[in-house]
Amino acid sequence: MRIKAVMVPEARKKFYAMYRHYIQEENEKFIYLDPKIKCRVKFRNYTKAGHLRIPSFVEYISLNDHPLR
């Protein structure tokens with residue numbers, strides 16, 4: 001699932017400090033990450049296709065055994 005989420009600057013800095021370790025594949029448009037970074041998002045509801053409508057980043061939950069709060 002692709003989510004274009006707006007993050008606060010502090011959360012964005014944490015993400016950019018660690019995401020390179022989780023790259024599985026990369027092309028000119030996308031970077032595919034191993035799904036080990038967990039976060040909480042809020043959203044309005046689900047679309048008919050089962051996707052999140054208007055997702056918005058709330059906070060990191062954890063990175064395996066490393067809490068990110």
# chains A, B, ... in the order shown; residues from 1 in each chain; ligands from 1
call {"tool": "residues_around", "arguments": {"residues": "region 36-46 of chain A", "least_positions_apart": "4", "cutoff": "7 Å", "atoms": "only C-alpha atoms", "output": "PDB file with all heavy atoms, in the first residue's frame"}}
result
ATOM      1  N   GLY A  50     -10.900  -0.449  -0.602  1.00  0.00           N
ATOM      2  CA  GLY A  50     -10.309  -0.879   0.659  1.00  0.00           C
ATOM      3  C   GLY A  50      -9.074  -0.109   1.070  1.00  0.00           C
ATOM      4  O   GLY A  50      -8.359  -0.515   1.979  1.00  0.00           O
ATOM      5  N   HIS A  51      -8.792   1.021   0.425  1.00  0.00           N
ATOM      6  CA  HIS A  51      -7.634   1.851   0.777  1.00  0.00           C
ATOM      7  C   HIS A  51      -8.040   2.901   1.806  1.00  0.00           C
ATOM      8  O   HIS A  51      -9.219   3.213   1.965  1.00  0.00           O
ATOM      9  CB  HIS A  51      -7.078   2.528  -0.468  1.00  0.00           C
ATOM     10  CG  HIS A  51      -6.589   1.557  -1.491  1.00  0.00           C
ATOM     11  ND1 HIS A  51      -6.191   1.941  -2.734  1.00  0.00           N
ATOM     12  CD2 HIS A  51      -6.427   0.215  -1.460  1.00  0.00           C
ATOM     13  CE1 HIS A  51      -5.812   0.900  -3.434  1.00  0.00           C
ATOM     14  NE2 HIS A  51      -5.948  -0.171  -2.672  1.00  0.00           N
ATOM     15  N   LEU A  52      -7.048   3.468   2.474  1.00  0.00           N
ATOM     16  CA  LEU A  52      -7.318   4.517   3.451  1.00  0.00           C
ATOM     17  C   LEU A  52      -7.610   5.832   2.726  1.00  0.00           C
ATOM     18  O   LEU A  52      -6.880   6.215   1.827  1.00  0.00           O
ATOM     19  CB  LEU A  52      -6.115   4.710   4.370  1.00  0.00           C
ATOM     20  CG  LEU A  52      -5.625   3.486   5.127  1.00  0.00           C
ATOM     21  CD1 LEU A  52      -4.410   3.859   5.957  1.00  0.00           C
ATOM     22  CD2 LEU A  52      -6.700   2.910   5.997  1.00  0.00           C
ATOM     23  N   ARG A  53      -8.642   6.512   3.144  1.00  0.00           N
ATOM     24  CA  ARG A  53      -8.968   7.804   2.549  1.00  0.00           C
ATOM     25  C   ARG A  53      -8.367   8.914   3.407  1.00  0.00           C
ATOM     26  O   ARG A  53      -8.582   8.978   4.609  1.00  0.00           O
ATOM     27  CB  ARG A  53     -10.484   7.986   2.468  1.00  0.00           C
ATOM     28  CG  ARG A  53     -10.912   9.220   1.720  1.00  0.00           C
ATOM     29  CD  ARG A  53     -12.415   9.363   1.658  1.00  0.00           C
ATOM     30  NE  ARG A  53     -13.092   8.195   1.152  1.00  0.00           N
ATOM     31  CZ  ARG A  53     -13.284   7.916  -0.140  1.00  0.00           C
ATOM     32  NH1 ARG A  53     -12.830   8.739  -1.054  1.00  0.00           N
ATOM     33  NH2 ARG A  53     -13.915   6.811  -0.507  1.00  0.00           N
ATOM     34  N   ILE A  54      -7.592   9.773   2.789  1.00  0.00           N
ATOM     35  CA  ILE A  54      -6.933  10.914   3.418  1.00  0.00           C
ATOM     36  C   ILE A  54      -6.104  10.480   4.638  1.00  0.00           C
ATOM     37  O   ILE A  54      -6.333  10.934   5.761  1.00  0.00           O
ATOM     38  CB  ILE A  54      -7.936  12.019   3.797  1.00  0.00           C
ATOM     39  CG1 ILE A  54      -8.878  12.332   2.630  1.00  0.00           C
ATOM     40  CG2 ILE A  54      -7.206  13.291   4.210  1.00  0.00           C
ATOM     41  CD1 ILE A  54     -10.005  13.289   2.982  1.00  0.00           C
ATOM     42  N   PRO A  55      -5.102   9.583   4.461  1.00  0.00           N
ATOM     43  CA  PRO A  55      -4.278   9.169   5.598  1.00  0.00           C
ATOM     44  C   PRO A  55      -3.361  10.305   6.051  1.00  0.00           C
ATOM     45  O   PRO A  55      -2.909  11.115   5.248  1.00  0.00           O
ATOM     46  CB  PRO A  55      -3.467   7.991   5.053  1.00  0.00           C
ATOM     47  CG  PRO A  55      -3.393   8.250   3.593  1.00  0.00           C
ATOM     48  CD  PRO A  55      -4.683   8.925   3.228  1.00  0.00           C
ATOM     49  N   SER A  56      -3.104  10.349   7.330  1.00  0.00           N
ATOM     50  CA  SER A  56      -2.266  11.387   7.905  1.00  0.00           C
ATOM     51  C   SER A  56      -1.407  10.765   9.014  1.00  0.00           C
ATOM     52  O   SER A  56      -1.921  10.082   9.897  1.00  0.00           O
ATOM     53  CB  SER A  56      -3.173  12.475   8.466  1.00  0.00           C
ATOM     54  OG  SER A  56      -2.449  13.581   8.865  1.00  0.00           O
ATOM     55  N   PHE A  57      -0.101  10.987   8.967  1.00  0.00           N
ATOM     56  CA  PHE A  57       0.832  10.442   9.955  1.00  0.00           C
ATOM     57  C   PHE A  57       0.534  11.002  11.338  1.00  0.00           C
ATOM     58  O   PHE A  57       0.308  12.195  11.500  1.00  0.00           O
ATOM     59  CB  PHE A  57       2.265  10.799   9.542  1.00  0.00           C
ATOM     60  CG  PHE A  57       3.300  10.416  10.537  1.00  0.00           C
ATOM     61  CD1 PHE A  57       3.807   9.127  10.558  1.00  0.00           C
ATOM     62  CD2 PHE A  57       3.776  11.327  11.452  1.00  0.00           C
ATOM     63  CE1 PHE A  57       4.780   8.761  11.474  1.00  0.00           C
ATOM     64  CE2 PHE A  57       4.739  10.974  12.366  1.00  0.00           C
ATOM     65  CZ  PHE A  57       5.231   9.688  12.382  1.00  0.00           C
ATOM     66  N   VAL A  58       0.557  10.134  12.366  1.00  0.00           N
ATOM     67  CA  VAL A  58       0.344  10.566  13.746  1.00  0.00           C
ATOM     68  C   VAL A  58       1.636  10.421  14.546  1.00  0.00           C
ATOM     69  O   VAL A  58       2.137  11.389  15.104  1.00  0.00           O
ATOM     70  CB  VAL A  58      -0.795   9.768  14.427  1.00  0.00           C
ATOM     71  CG1 VAL A  58      -0.935  10.157  15.882  1.00  0.00           C
ATOM     72  CG2 VAL A  58      -2.101   9.983  13.692  1.00  0.00           C
ATOM     73  N   GLU A  59       2.194   9.181  14.605  1.00  0.00           N
ATOM     74  CA  GLU A  59       3.421   8.953  15.366  1.00  0.00           C
ATOM     75  C   GLU A  59       4.029   7.614  14.993  1.00  0.00           C
ATOM     76  O   GLU A  59       3.357   6.747  14.442  1.00  0.00           O
ATOM     77  CB  GLU A  59       3.139   8.967  16.867  1.00  0.00           C
ATOM     78  CG  GLU A  59       2.267   7.813  17.328  1.00  0.00           C
ATOM     79  CD  GLU A  59       1.977   7.827  18.809  1.00  0.00           C
ATOM     80  OE1 GLU A  59       2.691   8.507  19.551  1.00  0.00           O
ATOM     81  OE2 GLU A  59       1.028   7.151  19.219  1.00  0.00           O
ATOM     82  N   TYR A  60       5.310   7.462  15.290  1.00  0.00           N
ATOM     83  CA  TYR A  60       5.964   6.169  15.149  1.00  0.00           C
ATOM     84  C   TYR A  60       5.566   5.298  16.330  1.00  0.00           C
ATOM     85  O   TYR A  60       5.424   5.787  17.442  1.00  0.00           O
ATOM     86  CB  TYR A  60       7.481   6.308  15.149  1.00  0.00           C
ATOM     87  CG  TYR A  60       8.028   6.900  13.884  1.00  0.00           C
ATOM     88  CD1 TYR A  60       8.592   8.160  13.872  1.00  0.00           C
ATOM     89  CD2 TYR A  60       7.974   6.189  12.693  1.00  0.00           C
ATOM     90  CE1 TYR A  60       9.091   8.698  12.717  1.00  0.00           C
ATOM     91  CE2 TYR A  60       8.477   6.729  11.530  1.00  0.00           C
ATOM     92  CZ  TYR A  60       9.034   7.980  11.539  1.00  0.00           C
ATOM     93  OH  TYR A  60       9.527   8.524  10.396  1.00  0.00           O
ATOM     94  N   ILE A  61       5.414   3.997  16.090  1.00  0.00           N
ATOM     95  CA  ILE A  61       5.118   3.068  17.172  1.00  0.00           C
ATOM     96  C   ILE A  61       6.409   2.411  17.622  1.00  0.00           C
ATOM     97  O   ILE A  61       6.780   2.483  18.775  1.00  0.00           O
ATOM     98  CB  ILE A  61       4.085   2.005  16.741  1.00  0.00           C
ATOM     99  CG1 ILE A  61       2.771   2.693  16.402  1.00  0.00           C
ATOM    100  CG2 ILE A  61       3.891   0.972  17.840  1.00  0.00           C
ATOM    101  CD1 ILE A  61       1.748   1.786  15.779  1.00  0.00           C
ATOM    102  N   SER A  62       7.099   1.741  16.694  1.00  0.00           N
ATOM    103  CA  SER A  62       8.372   1.118  17.040  1.00  0.00           C
ATOM    104  C   SER A  62       9.096   0.693  15.782  1.00  0.00           C
ATOM    105  O   SER A  62       8.532   0.625  14.704  1.00  0.00           O
ATOM    106  CB  SER A  62       8.148  -0.113  17.924  1.00  0.00           C
ATOM    107  OG  SER A  62       7.508  -1.123  17.172  1.00  0.00           O
ATOM    108  N   LEU A  63      10.344   0.379  15.938  1.00  0.00           N
ATOM    109  CA  LEU A  63      11.168  -0.167  14.875  1.00  0.00           C
ATOM    110  C   LEU A  63      11.772  -1.436  15.441  1.00  0.00           C
ATOM    111  O   LEU A  63      12.805  -1.396  16.104  1.00  0.00           O
ATOM    112  CB  LEU A  63      12.254   0.810  14.468  1.00  0.00           C
ATOM    113  CG  LEU A  63      13.285   0.324  13.464  1.00  0.00           C
ATOM    114  CD1 LEU A  63      12.609  -0.053  12.160  1.00  0.00           C
ATOM    115  CD2 LEU A  63      14.312   1.383  13.215  1.00  0.00           C
ATOM    116  N   ASN A  64      11.066  -2.562  15.262  1.00  0.00           N
ATOM    117  CA  ASN A  64      11.452  -3.831  15.880  1.00  0.00           C
ATOM    118  C   ASN A  64      11.609  -3.624  17.384  1.00  0.00           C
ATOM    119  O   ASN A  64      10.652  -3.383  18.068  1.00  0.00           O
ATOM    120  CB  ASN A  64      12.715  -4.402  15.271  1.00  0.00           C
ATOM    121  CG  ASN A  64      12.486  -4.868  13.842  1.00  0.00           C
ATOM    122  OD1 ASN A  64      11.354  -5.117  13.452  1.00  0.00           O
ATOM    123  ND2 ASN A  64      13.534  -5.001  13.101  1.00  0.00           N
TER     124      ASN A  64
END
call {"tool": "atom_distance", "arguments": {"atom1": "CA of Met18 (chain A)", "atom2": "CA of Pro35 (chain A)"}}
result
12.7 Å
call {"tool": "atom_distance", "arguments": {"atom1": "CA of Ala49 (chain A)", "atom2": "CA of Asp34 (chain A)"}}
result
23.6 Å
call {"tool": "atom_distance", "arguments": {"atom1": "CA of Leu33 (chain A)", "atom2": "CA of Met7 (chain A)"}}
result
17.3 Å
call {"tool": "residues_around", "arguments": {"residues": "Arg20 (chain A)", "least_positions_apart": "3", "cutoff": "12 Å", "atoms": "only C-alpha atoms", "output": "MDAnalysis selection string"}}
result
chainID A and resid 14:17 23:26 31:34 37
